[in-house]
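*Asks:* The structure file query_34.cif (mmCIF, C-alpha atoms) is provided below.
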```
data_model
loop_
_atom_site.label_atom_id
_atom_site.label_comp_id
_atom_site.auth_asym_id
_atom_site.auth_seq_id
_atom_site.Cartn_x
_atom_site.Cartn_y
_atom_site.Cartn_z
CA MET A 1 -147.54 128.33 56.77
CA HIS A 2 -150.67 129.26 54.82
CA GLY A 3 -152.77 126.33 53.67
CA THR A 4 -152.58 127.32 50.00
CA LEU A 5 -148.78 127.05 50.10
CA ASP A 6 -149.03 123.58 51.62
CA LEU A 7 -151.52 122.47 48.94
CA ALA A 8 -149.31 123.71 46.11
CA GLN A 9 -146.27 121.94 47.53
CA SER A 10 -148.28 118.74 48.11
CA SER A 11 -149.36 118.76 44.45
CA GLU A 12 -145.74 119.15 43.29
CA GLN A 13 -144.61 116.30 45.53
CA THR A 14 -147.39 114.01 44.26
CA ALA A 15 -146.40 114.70 40.64
CA ALA A 16 -142.73 114.08 41.49
CA ARG A 17 -143.58 110.76 43.15
CA ASP A 18 -145.60 109.61 40.15
CA LYS A 19 -142.73 110.48 37.82
CA ALA A 20 -140.07 108.88 40.07
CA TYR A 21 -141.93 105.58 40.23
CA SER A 22 -142.79 105.49 36.51
CA THR A 23 -139.32 106.39 35.18
CA PRO A 24 -137.02 103.40 34.46
CA LEU A 25 -134.20 103.20 37.02
CA ALA A 26 -131.65 103.16 34.19
CA ASP A 27 -132.79 106.69 33.31
CA PHE A 28 -132.35 108.12 36.81
CA ASN A 29 -129.99 111.07 37.24
CA PRO A 30 -130.25 111.68 41.00
CA GLY A 31 -127.68 114.48 40.82
CA ASP A 32 -129.86 116.66 38.57
CA PRO A 33 -129.77 120.08 40.30
CA ASP A 34 -133.30 120.86 39.09
CA LEU A 35 -134.58 118.15 41.44
CA PHE A 36 -132.92 119.96 44.34
CA ARG A 37 -134.03 123.45 43.37
CA ASN A 38 -137.62 122.13 43.17
CA ASP A 39 -137.27 119.89 46.25
CA THR A 40 -138.58 116.95 44.23
CA PHE A 41 -135.64 114.55 44.59
CA TRP A 42 -137.08 112.73 47.63
CA PRO A 43 -139.13 110.02 45.86
CA TYR A 44 -136.24 109.28 43.47
CA PHE A 45 -133.91 108.72 46.42
CA GLU A 46 -136.56 106.70 48.27
CA ARG A 47 -136.97 104.38 45.29
CA LEU A 48 -133.22 103.99 44.85
CA ARG A 49 -132.76 103.05 48.52
CA LYS A 50 -135.38 100.34 48.07
CA GLU A 51 -134.60 99.04 44.59
CA ASP A 52 -131.09 100.06 43.52
CA PRO A 53 -129.05 101.44 46.44
CA VAL A 54 -125.80 101.41 44.45
CA HIS A 55 -126.95 102.99 41.22
CA TYR A 56 -125.07 103.77 38.01
CA CYS A 57 -125.99 106.83 35.97
CA LYS A 58 -124.34 106.33 32.61
CA ASP A 59 -124.79 109.88 31.34
CA SER A 60 -125.49 113.27 32.89
CA GLN A 61 -124.28 116.87 32.82
CA PHE A 62 -121.60 115.59 35.24
CA GLY A 63 -120.66 112.54 33.19
CA ALA A 64 -121.15 108.97 34.42
CA TYR A 65 -121.24 108.32 38.17
CA TRP A 66 -122.25 105.86 40.85
CA SER A 67 -124.71 106.84 43.59
CA VAL A 68 -124.43 105.27 47.05
CA MET A 69 -127.75 105.77 48.80
CA LYS A 70 -127.78 103.85 52.11
CA TYR A 71 -126.23 104.79 55.44
CA ASN A 72 -123.97 101.78 55.99
CA ASP A 73 -122.77 101.73 52.38
CA ILE A 74 -121.82 105.39 52.67
CA MET A 75 -119.90 104.56 55.87
CA HIS A 76 -118.07 101.82 53.94
CA VAL A 77 -116.98 104.24 51.22
CA GLU A 78 -116.05 106.93 53.78
CA THR A 79 -113.78 104.60 55.75
CA ASN A 80 -112.02 102.81 52.90
CA HIS A 81 -109.83 105.61 51.57
CA GLN A 82 -107.32 103.12 50.20
CA ILE A 83 -110.07 102.24 47.67
CA TYR A 84 -111.99 105.51 47.38
CA SER A 85 -109.89 108.65 46.95
CA SER A 86 -110.66 112.30 47.70
CA GLU A 87 -107.72 113.67 45.72
CA SER A 88 -108.40 116.90 43.86
CA SER A 89 -106.21 115.72 40.97
CA LEU A 90 -108.73 112.90 40.35
CA GLY A 91 -111.71 115.26 40.46
CA GLY A 92 -112.11 116.01 44.15
CA ILE A 93 -115.12 115.81 46.42
CA THR A 94 -118.12 116.93 44.35
CA ILE A 95 -120.12 115.31 41.58
CA ARG A 96 -118.89 118.02 39.25
CA ASP A 97 -115.32 117.69 38.00
CA ALA A 98 -113.63 121.05 37.98
CA PRO A 99 -111.67 121.65 34.77
CA PRO A 100 -108.16 120.20 35.33
CA GLU A 101 -106.52 123.63 35.13
CA PHE A 102 -108.75 124.87 37.98
CA ARG A 103 -108.38 121.92 40.36
CA ARG A 104 -107.09 123.19 43.68
CA PRO A 105 -105.79 120.93 46.45
CA MET A 106 -107.43 121.42 49.85
CA PHE A 107 -107.12 119.19 52.86
CA ILE A 108 -110.62 117.71 52.45
CA ALA A 109 -109.59 116.78 48.88
CA MET A 110 -106.33 115.08 49.89
CA ASP A 111 -105.54 111.52 50.89
CA GLN A 112 -103.25 110.55 53.73
CA PRO A 113 -100.72 111.57 54.94
CA LYS A 114 -101.07 115.09 53.51
CA HIS A 115 -104.66 115.38 54.66
CA SER A 116 -104.07 115.04 58.41
CA ALA A 117 -100.94 117.20 58.42
CA GLN A 118 -102.82 120.16 56.93
CA ARG A 119 -106.06 119.57 58.85
CA LYS A 120 -104.18 119.64 62.17
CA THR A 121 -103.06 123.22 61.56
CA VAL A 122 -106.61 124.59 61.89
CA ALA A 123 -107.90 122.11 64.51
CA PRO A 124 -106.92 124.35 67.50
CA MET A 125 -109.62 126.80 66.40
CA PHE A 126 -112.23 124.21 67.37
CA THR A 127 -111.02 123.03 70.78
CA PRO A 128 -113.49 123.21 73.70
CA THR A 129 -111.46 125.99 75.33
CA HIS A 130 -111.52 128.16 72.22
CA LEU A 131 -115.21 127.49 71.62
CA ASP A 132 -115.95 128.61 75.19
CA GLN A 133 -114.17 131.86 74.38
CA LEU A 134 -116.20 132.31 71.18
CA ALA A 135 -119.57 131.57 72.82
CA GLY A 136 -119.97 135.03 74.35
CA THR A 137 -119.24 136.72 71.03
CA ILE A 138 -121.74 134.48 69.23
CA ARG A 139 -124.45 135.28 71.79
CA GLN A 140 -123.84 139.02 71.71
CA ARG A 141 -124.00 139.16 67.91
CA ALA A 142 -127.07 136.95 67.74
CA ALA A 143 -128.84 139.25 70.17
CA GLN A 144 -127.93 142.36 68.14
CA CYS A 145 -129.04 140.74 64.88
CA LEU A 146 -132.36 139.46 66.26
CA ASP A 147 -133.22 142.70 68.06
CA ALA A 148 -132.89 144.61 64.77
CA LEU A 149 -135.46 142.50 62.88
CA PRO A 150 -138.63 144.28 61.71
CA ARG A 151 -142.00 143.56 63.29
CA ASN A 152 -145.19 143.10 61.26
CA ALA A 153 -143.31 143.14 57.97
CA THR A 154 -142.16 140.36 55.67
CA PHE A 155 -138.38 140.03 55.36
CA ASP A 156 -135.86 137.49 54.09
CA TRP A 157 -134.61 135.30 56.93
CA VAL A 158 -131.72 134.01 54.81
CA ASP A 159 -130.23 137.45 54.26
CA ARG A 160 -131.08 139.13 57.55
CA VAL A 161 -130.22 136.25 59.90
CA SER A 162 -128.66 133.14 58.33
CA ILE A 163 -126.13 134.86 56.09
CA GLU A 164 -125.43 137.75 58.42
CA LEU A 165 -124.66 135.65 61.49
CA THR A 166 -122.57 133.03 59.71
CA THR A 167 -120.63 135.71 57.83
CA GLN A 168 -119.91 137.53 61.09
CA MET A 169 -118.59 134.28 62.54
CA LEU A 170 -116.39 133.63 59.50
CA ALA A 171 -114.96 137.13 59.73
CA THR A 172 -114.08 136.44 63.36
CA LEU A 173 -112.42 133.10 62.60
CA PHE A 174 -110.25 134.69 59.91
CA ASP A 175 -109.86 138.02 61.75
CA PHE A 176 -111.16 139.42 58.45
CA PRO A 177 -111.84 143.15 57.96
CA TRP A 178 -115.35 143.61 59.35
CA GLU A 179 -116.58 146.08 56.75
CA ASP A 180 -115.73 143.62 53.94
CA ARG A 181 -117.25 140.52 55.55
CA ARG A 182 -119.96 140.02 52.90
CA LYS A 183 -117.15 139.31 50.44
CA LEU A 184 -116.83 135.96 52.24
CA THR A 185 -120.47 135.12 51.46
CA ARG A 186 -119.99 136.10 47.84
CA TRP A 187 -116.83 134.02 47.44
CA SER A 188 -118.57 131.00 48.97
CA ASP A 189 -121.47 131.32 46.52
CA VAL A 190 -119.12 131.84 43.57
CA ALA A 191 -116.96 128.83 44.50
CA THR A 192 -119.92 126.42 44.68
CA ALA A 193 -122.17 127.74 41.87
CA LEU A 194 -122.72 125.30 39.03
CA PRO A 195 -121.82 126.31 35.47
CA GLY A 196 -124.89 127.81 33.88
CA ASN A 197 -126.14 129.35 37.11
CA THR A 198 -126.00 132.84 35.64
CA GLU A 199 -127.78 134.26 38.69
CA ILE A 200 -124.42 133.95 40.47
CA ILE A 201 -121.70 133.62 37.83
CA ALA A 202 -121.81 134.78 34.22
CA SER A 203 -119.16 132.28 33.10
CA GLU A 204 -116.30 130.07 34.27
CA ASP A 205 -113.90 132.91 33.46
CA ALA A 206 -115.93 135.24 35.69
CA ARG A 207 -115.79 132.67 38.51
CA GLN A 208 -112.03 132.31 38.27
CA ALA A 209 -111.56 136.09 38.19
CA GLU A 210 -113.51 136.49 41.44
CA LEU A 211 -111.66 133.63 43.10
CA GLN A 212 -108.37 135.26 42.17
CA GLU A 213 -109.63 138.42 43.88
CA CYS A 214 -110.27 136.24 46.94
CA ALA A 215 -106.72 134.87 46.75
CA ALA A 216 -105.21 138.35 46.39
CA TYR A 217 -107.20 139.69 49.35
CA PHE A 218 -106.16 136.80 51.60
CA SER A 219 -102.56 137.03 50.40
CA ARG A 220 -102.41 140.52 51.85
CA LEU A 221 -103.74 139.24 55.18
CA TRP A 222 -101.32 136.29 55.05
CA ASN A 223 -98.32 138.55 54.52
CA GLU A 224 -99.35 140.68 57.49
CA ARG A 225 -99.83 137.65 59.76
CA ILE A 226 -96.72 135.70 58.76
CA ASN A 227 -94.58 138.72 59.65
CA ALA A 228 -96.27 139.17 63.03
CA ALA A 229 -96.43 137.10 66.21
CA PRO A 230 -98.73 134.05 65.93
CA LYS A 231 -102.38 134.73 66.81
CA SER A 232 -105.46 132.55 67.17
CA ASP A 233 -107.13 133.26 63.80
CA LEU A 234 -107.16 130.73 60.96
CA ILE A 235 -104.86 132.73 58.68
CA SER A 236 -102.22 133.14 61.38
CA MET A 237 -102.51 129.45 62.32
CA MET A 238 -101.83 128.35 58.74
CA ALA A 239 -99.13 130.98 58.16
CA HIS A 240 -97.12 129.78 61.16
CA ALA A 241 -97.66 126.00 60.82
CA GLU A 242 -95.02 123.87 59.15
CA ALA A 243 -97.56 121.86 57.10
CA THR A 244 -99.21 124.94 55.57
CA ARG A 245 -96.85 127.92 55.68
CA ASP A 246 -95.27 127.09 52.31
CA MET A 247 -98.45 126.22 50.37
CA ASP A 248 -98.35 126.82 46.63
CA PRO A 249 -100.95 129.31 45.30
CA LYS A 250 -103.43 126.61 44.23
CA THR A 251 -103.37 124.86 47.62
CA PHE A 252 -103.57 128.22 49.40
CA LEU A 253 -106.74 129.19 47.53
CA GLY A 254 -108.10 125.63 47.79
CA ASN A 255 -107.85 125.60 51.57
CA LEU A 256 -109.31 129.10 51.82
CA ILE A 257 -112.34 128.06 49.75
CA LEU A 258 -112.76 124.96 51.90
CA LEU A 259 -112.76 126.98 55.12
CA ILE A 260 -115.06 129.67 53.68
CA VAL A 261 -117.59 127.20 52.26
CA GLY A 262 -117.37 124.87 55.25
CA GLY A 263 -117.82 127.72 57.69
CA ASN A 264 -120.63 129.26 55.69
CA ASP A 265 -122.96 126.71 54.17
CA THR A 266 -123.52 124.23 57.00
CA THR A 267 -124.58 126.80 59.58
CA ARG A 268 -126.25 129.19 57.16
CA ASN A 269 -128.54 126.59 55.63
CA SER A 270 -129.25 124.86 58.94
CA LEU A 271 -130.39 128.21 60.41
CA SER A 272 -132.83 128.57 57.53
CA GLY A 273 -133.74 124.88 57.38
CA GLY A 274 -134.49 124.71 61.09
CA LEU A 275 -137.01 127.54 60.95
CA TYR A 276 -138.60 126.06 57.85
CA ALA A 277 -138.84 122.61 59.47
CA LEU A 278 -140.54 124.05 62.57
CA ASN A 279 -143.08 125.81 60.38
CA GLN A 280 -143.76 122.57 58.52
CA ASN A 281 -144.12 120.72 61.83
CA PRO A 282 -146.15 123.00 64.13
CA ASP A 283 -146.46 120.35 66.86
CA GLU A 284 -142.66 120.26 67.13
CA TYR A 285 -142.55 124.07 67.21
CA GLN A 286 -145.03 124.03 70.11
CA LYS A 287 -142.95 121.37 71.86
CA LEU A 288 -139.94 123.70 71.60
CA ARG A 289 -141.90 126.70 72.90
CA ASP A 290 -143.02 124.64 75.88
CA ASN A 291 -139.50 123.40 76.65
CA HIS A 292 -136.60 125.55 75.51
CA ALA A 293 -134.12 122.92 76.75
CA LEU A 294 -135.04 120.85 73.69
CA VAL A 295 -132.74 123.13 71.68
CA ASP A 296 -129.92 120.73 72.63
CA SER A 297 -131.46 117.81 70.74
CA MET A 298 -133.18 119.94 68.11
CA VAL A 299 -129.91 121.31 66.70
CA PRO A 300 -128.46 117.95 65.54
CA GLU A 301 -131.92 116.92 64.34
CA VAL A 302 -132.06 120.07 62.19
CA ILE A 303 -128.61 119.26 60.78
CA ARG A 304 -129.78 115.71 59.91
CA TRP A 305 -133.09 116.94 58.50
CA GLN A 306 -131.52 119.70 56.44
CA THR A 307 -128.30 117.87 55.39
CA PRO A 308 -126.62 121.13 54.26
CA LEU A 309 -124.24 119.36 51.87
CA ALA A 310 -126.25 116.77 49.96
CA HIS A 311 -123.26 114.65 48.93
CA MET A 312 -119.55 114.02 48.89
CA ARG A 313 -117.77 112.28 46.07
CA ARG A 314 -114.84 109.88 45.82
CA THR A 315 -112.91 108.31 42.91
CA ALA A 316 -112.21 104.58 42.83
CA LEU A 317 -108.47 103.81 42.96
CA GLN A 318 -109.01 100.18 41.94
CA ASP A 319 -111.71 97.85 40.71
CA THR A 320 -113.97 97.01 43.63
CA GLU A 321 -117.41 95.64 44.44
CA LEU A 322 -120.26 97.17 46.44
CA ARG A 323 -123.60 95.39 46.88
CA GLY A 324 -122.75 93.13 43.98
CA LYS A 325 -122.00 96.01 41.61
CA THR A 326 -118.56 96.23 40.01
CA ILE A 327 -117.07 99.71 40.35
CA ARG A 328 -114.09 100.23 38.03
CA LYS A 329 -110.88 102.07 38.75
CA GLY A 330 -111.39 105.75 37.93
CA ASP A 331 -115.17 105.65 38.40
CA LYS A 332 -116.83 108.54 40.20
CA VAL A 333 -118.64 107.45 43.40
CA VAL A 334 -121.12 109.86 45.00
CA MET A 335 -122.16 109.34 48.63
CA TRP A 336 -125.61 110.86 49.08
CA TYR A 337 -125.64 112.02 52.69
CA VAL A 338 -129.15 113.38 52.17
CA SER A 339 -130.30 109.84 51.35
CA GLY A 340 -128.33 108.10 54.11
CA ASN A 341 -129.96 110.46 56.60
CA ARG A 342 -133.36 109.07 55.55
CA ASP A 343 -132.39 105.37 55.69
CA ASP A 344 -135.03 103.62 57.80
CA GLU A 345 -132.79 100.59 58.37
CA VAL A 346 -130.54 102.76 60.54
CA ILE A 347 -132.59 105.78 61.64
CA GLU A 348 -136.01 105.25 63.18
CA ASN A 349 -138.82 107.16 61.50
CA PRO A 350 -136.29 109.11 59.39
CA ASP A 351 -138.80 111.13 57.36
CA SER A 352 -140.17 112.77 60.50
CA PHE A 353 -138.69 115.89 62.09
CA ILE A 354 -138.51 115.02 65.80
CA ILE A 355 -136.80 117.59 68.01
CA ASP A 356 -136.52 115.25 71.01
CA ARG A 357 -135.23 112.29 69.01
CA ALA A 358 -133.42 109.76 71.22
CA ARG A 359 -130.23 109.67 69.10
CA PRO A 360 -130.21 112.94 67.17
CA ARG A 361 -126.50 112.83 66.34
CA GLN A 362 -126.86 109.62 64.34
CA HIS A 363 -126.56 111.26 60.95
CA LEU A 364 -124.10 111.71 58.09
CA SER A 365 -124.33 115.46 57.54
CA PHE A 366 -120.78 116.07 58.75
CA GLY A 367 -119.26 113.06 56.97
CA PHE A 368 -117.44 110.30 58.78
CA GLY A 369 -113.89 109.09 59.36
CA ILE A 370 -110.79 111.16 58.62
CA HIS A 371 -112.74 113.70 56.56
CA ARG A 372 -115.40 114.34 59.20
CA CYS A 373 -116.06 118.09 59.37
CA VAL A 374 -113.44 119.79 61.54
CA GLY A 375 -115.89 122.50 62.64
CA ILE A 376 -118.73 120.27 63.91
CA ARG A 377 -118.78 121.61 67.44
CA LEU A 378 -118.65 125.24 66.35
CA ALA A 379 -121.56 124.72 63.95
CA GLU A 380 -123.64 123.11 66.69
CA LEU A 381 -122.67 125.81 69.19
CA GLN A 382 -123.69 128.62 66.83
CA LEU A 383 -127.05 127.03 66.09
CA LYS A 384 -127.72 126.31 69.78
CA ILE A 385 -126.99 129.87 70.88
CA VAL A 386 -128.95 131.48 68.05
CA TRP A 387 -132.01 129.37 68.83
CA GLU A 388 -131.72 130.11 72.54
CA GLU A 389 -131.74 133.82 71.69
CA ILE A 390 -134.64 133.44 69.23
CA LEU A 391 -136.77 131.70 71.87
CA LYS A 392 -136.10 134.48 74.39
CA ARG A 393 -137.56 137.02 71.95
CA TYR A 394 -140.04 135.54 69.54
CA ASP A 395 -142.88 133.15 70.22
CA ASN A 396 -143.57 132.59 66.55
CA ILE A 397 -141.67 133.26 63.34
CA GLU A 398 -143.98 132.47 60.45
CA VAL A 399 -142.76 131.39 57.02
CA VAL A 400 -145.09 133.24 54.64
CA GLU A 401 -143.87 131.97 51.26
CA PRO A 402 -142.07 128.83 50.13
CA PRO A 403 -138.27 129.15 50.11
CA HIS A 404 -136.32 129.70 46.93
CA ARG A 405 -133.72 126.94 46.87
CA VAL A 406 -130.15 126.83 45.61
CA TYR A 407 -129.59 125.40 42.13
CA SER A 408 -127.17 122.70 43.24
CA SER A 409 -127.06 119.03 44.12
CA PHE A 410 -124.04 119.69 46.39
CA VAL A 411 -125.05 122.65 48.54
CA LYS A 412 -128.57 121.90 49.75
CA GLY A 413 -129.61 125.36 50.72
CA TYR A 414 -131.90 128.35 50.53
CA GLU A 415 -131.53 131.56 48.58
CA THR A 416 -134.55 133.20 50.22
CA LEU A 417 -136.99 132.36 53.01
CA PRO A 418 -139.68 135.07 53.45
CA VAL A 419 -140.88 135.27 57.07
CA ARG A 420 -142.85 137.49 59.41
CA LEU A 421 -142.55 138.05 63.14
CA ALA A 422 -145.74 138.13 65.14
CA SER A 423 -146.14 141.42 66.99
#
```
Will you turn the file into structure tokens for me?
*Replies:*
Amino acid sequence: MHGTLDLAQSSEQTAARDKAYSTPLADFNPGDPDLFRNDTFWPYFERLRKEDPVHYCKDSQFGAYWSVMKYNDIMHVETNHQIYSSESSLGGITIRDAPPEFRRPMFIAMDQPKHSAQRKTVAPMFTPTHLDQLAGTIRQRAAQCLDALPRNATFDWVDRVSIELTTQMLATLFDFPWEDRRKLTRWSDVATALPGNTEIIASEDARQAELQECAAYFSRLWNERINAAPKSDLISMMAHAEATRDMDPKTFLGNLILLIVGGNDTTRNSLSGGLYALNQNPDEYQKLRDNHALVDSMVPEVIRWQTPLAHMRRTALQDTELRGKTIRKGDKVVMWYVSGNRDDEVIENPDSFIIDRARPRQHLSFGFGIHRCVGIRLAELQLKIVWEEILKRYDNIEVVEPPHRVYSSFVKGYETLPVRLAS
């Protein structure tokens, strides 16, 4: 990256650190999406890990909530689902409560036993045998996408590579009409956009109207698949499985949104985040050029470093205690994966991007326990293959402007990343 860009970002980070360490802890709102859009949340989270790792924010645009900042505390919340609930009817899995009339059950926002019964219906998509079958398709499409990139011209990596390749993969998983595949990207963005983000949605009514279009489109596909012999796409799997074939409309749309967002945001933002991290760490980029086999350990390190979903949320089912703090029944509890992934009591040198890290899969980006991401292996496979194909073609992909980040404290992602290929 150009030195002037680095200087500007360094100045912003210094100002953010000064503010984070001079603001009273009681006034912290770590879920403020402006901190994420500006990439200035880091010193706030650092201070909370040190001084107040189970922090209560009494008032915010999301209401009151607890923040859990450290790795092992997050693991505690993740694995005690008899205390901490994911149920959509209680508010679900994000810091933002959807309006009650728009709360949609999905298996990640269900407690046992419903959760496992519905999750099992899509699990066959992610078996080693099926992933082996998908690998050739992923490689072929990556090659086509990368070969079409312009030389000696600035272009948006997010749109041309990250979105395009993940959307192609989603279309394959759903056996979705190819010419309409960018609808999947749009529906993912609409589903996760915060109220007030008028760049994506004009209003809550506009959001719901687009999501109903999503439901209607998938209903047509569902009706085709349920009346045909079972196939190996996600829609057919759910249509023919006992736990999911009779879903009510809200659960149907809820699970679709889960699969679209889950299949889109993790890989999409890790593809962008990985390139950005290599540009910020040129010694690591050189290490990768010198030894392409390091892709294997770089991919999980990118996923840790990027943390594509910054948090997951639970709701307390009873009064409980964590690090001496009393959490009341009904309280909102936010597990900050992006903070746990920088916890130096668990991860050595966590603020450094190290592509040959000894234990690169020690991270929280995919969650833990029964709600651990069902598509982990597919996400890692996609990233591995894409980077193998990049390294075959391009010795250097230069980030020429700072990224424009998503306005969200849930999806930690990039809207644009301007880059240039060396000739």
*Asks:* Any idea what's packed within 12 Å of A:Leu278, counting all atoms listed in the file, ignoring anything in its chain fewer than 3 positions away? Could you give it as a short mmCIF file (atom, residue, chain, number, x, y, z; two decimals) with C-alpha atoms, in the frame of the given file?
*Replies:*
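Output file result13.cif follows:
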```cif
data_model
loop_
_atom_site.label_atom_id
_atom_site.label_comp_id
_atom_site.auth_asym_id
_atom_site.auth_seq_id
_atom_site.Cartn_x
_atom_site.Cartn_y
_atom_site.Cartn_z
CA MET A 1 -147.54 128.33 56.77
CA SER A 270 -129.25 124.86 58.94
CA LEU A 271 -130.39 128.21 60.41
CA SER A 272 -132.83 128.57 57.53
CA GLY A 273 -133.74 124.88 57.38
CA GLY A 274 -134.49 124.71 61.09
CA LEU A 275 -137.01 127.54 60.95
CA ASN A 281 -144.12 120.72 61.83
CA PRO A 282 -146.15 123.00 64.13
CA ASP A 283 -146.46 120.35 66.86
CA GLU A 284 -142.66 120.26 67.13
CA TYR A 285 -142.55 124.07 67.21
CA GLN A 286 -145.03 124.03 70.11
CA LYS A 287 -142.95 121.37 71.86
CA LEU A 288 -139.94 123.70 71.60
CA ARG A 289 -141.90 126.70 72.90
CA MET A 298 -133.18 119.94 68.11
CA VAL A 299 -129.91 121.31 66.70
CA GLU A 301 -131.92 116.92 64.34
CA VAL A 302 -132.06 120.07 62.19
CA TRP A 305 -133.09 116.94 58.50
CA GLN A 306 -131.52 119.70 56.44
CA SER A 352 -140.17 112.77 60.50
CA PHE A 353 -138.69 115.89 62.09
CA ILE A 354 -138.51 115.02 65.80
CA ILE A 355 -136.80 117.59 68.01
CA TRP A 387 -132.01 129.37 68.83
CA ASN A 396 -143.57 132.59 66.55
CA ILE A 397 -141.67 133.26 63.34
CA GLU A 398 -143.98 132.47 60.45
CA VAL A 399 -142.76 131.39 57.02
#
```
*Asks:* Name all residues at most 9 Å from A:Thr307 (count only C-alpha atoms; drop same-chain ones fewer than 6 positions away) and give them as a list of chain:residue names.
*Replies:*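 That gives A:Thr266, A:Asn269, A:Ser270, A:Tyr337, A:Val338, A:Asn341, A:His363, A:Leu364, A:Ser365, A:Phe366, A:Val411, A:Lys412, A:Gly413.
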*Asks:* Could you give me, as a PyMOL selection string, the residues that have an atom at most 12 Å away from the point (-121.1, 109.6, 37.5) in the coordinates of the file, using all atoms listed in the file?
*Replies:* chain A and resi 28-32+54-68+91+94-97+313-316+327-328+330-335
*Asks:* From the set A:Leu421, A:Ala310, A:Ile390, A:Leu35, which residue has the shortest atom-to-atom contact distance to A:Met69, counting only C-alpha atoms?
*Replies:*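 Ranking A:Leu421, A:Ala310, A:Ile390, A:Leu35 by distance to A:Met69, first place goes to A:Ala310.
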*Asks:* Mind giving me the straight-line distance from atom CA of A:Cys214 to atom CA of A:Leu134 in Å, one decimal?
*Replies:*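 Taking atom CA of A:Cys214 and atom CA of A:Leu134, their separation equals 25.3 Å.
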*Asks:* Applying the PyMOL selection byres ((chain A and resi 227-240) around 12) to the file I just gave you, which residues come out? Please list them as a ChimeraX atom specification.
*Replies:* /A:117-127,130-131,133-134,169-176,217-226,241-247,251-253,255-256,259-260,263
*Asks:* Interatomic distance between atom CA of A:Pro195 and atom CA of A:Asp34?
*Replies:*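 Taking atom CA of A:Pro195 and atom CA of A:Asp34, their separation equals 13.2 Å.
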*Asks:* In Å, with one decimal, what is the gap from atom CA of A:Arg405 to atom CA of A:Gln280?
*Replies:*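 Separation between atom CA of A:Arg405 and atom CA of A:Gln280: 16.0 Å.
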*Asks:* Evaluate the PyMOL selection byres ((chain A and resi 179-188) around 8) against this structure - the residues, as a PyMOL selection string, please.
*Replies:* chain A and resi 163+167-168+170-171+176-178+189-192+210-211+214+257+260-261+264
*Asks:* Output as lines of an AutoDock Vina configuration file the centre and edge lengths (Å, one decimal) of the box along x, y and z of the file that holds every listed atom of stretch 141-158 of chain A after adding 4 Å on each side.
*Replies:*
```
center_x = -134.6
center_y = 139.3
center_z = 62.1
size_x = 29.2
size_y = 18.6
size_z = 24.1
```
*Asks:* For a quick check of understanding, using all atoms listed in the file, which of A:Ala135, A:Ala215, A:Ile201, A:Leu383 has the smallest distance to A:Ser162?
*Replies:*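 Checking each of A:Ala135, A:Ala215, A:Ile201, A:Leu383 against A:Ser162, counting all atoms listed in the file, the winner is A:Leu383.
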*Asks:* Could you list, as a PyMOL selection string, every residue within 9 Å of A:Glu415, counting all atoms listed in the file and ignoring same-chain residues fewer than 3 positions away?
*Replies:* chain A and resi 158-159+403-406
*Asks:* Out of A:Ala15, A:Ala358, A:Gly254, A:Val161, which residue has the shortest atom-to-atom distance to A:Ser88 when counting only C-alpha atoms?
*Replies:*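 Answer, going by the shortest atom-to-atom distance: A:Gly254.
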*Asks:* So, counting all atoms listed in the file, which residue among A:Leu165, A:Ala202, A:Met312, A:Ala193 is closest to A:Ser86?
*Replies:*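 Among the listed residues, the smallest separation from A:Ser86 belongs to A:Met312.
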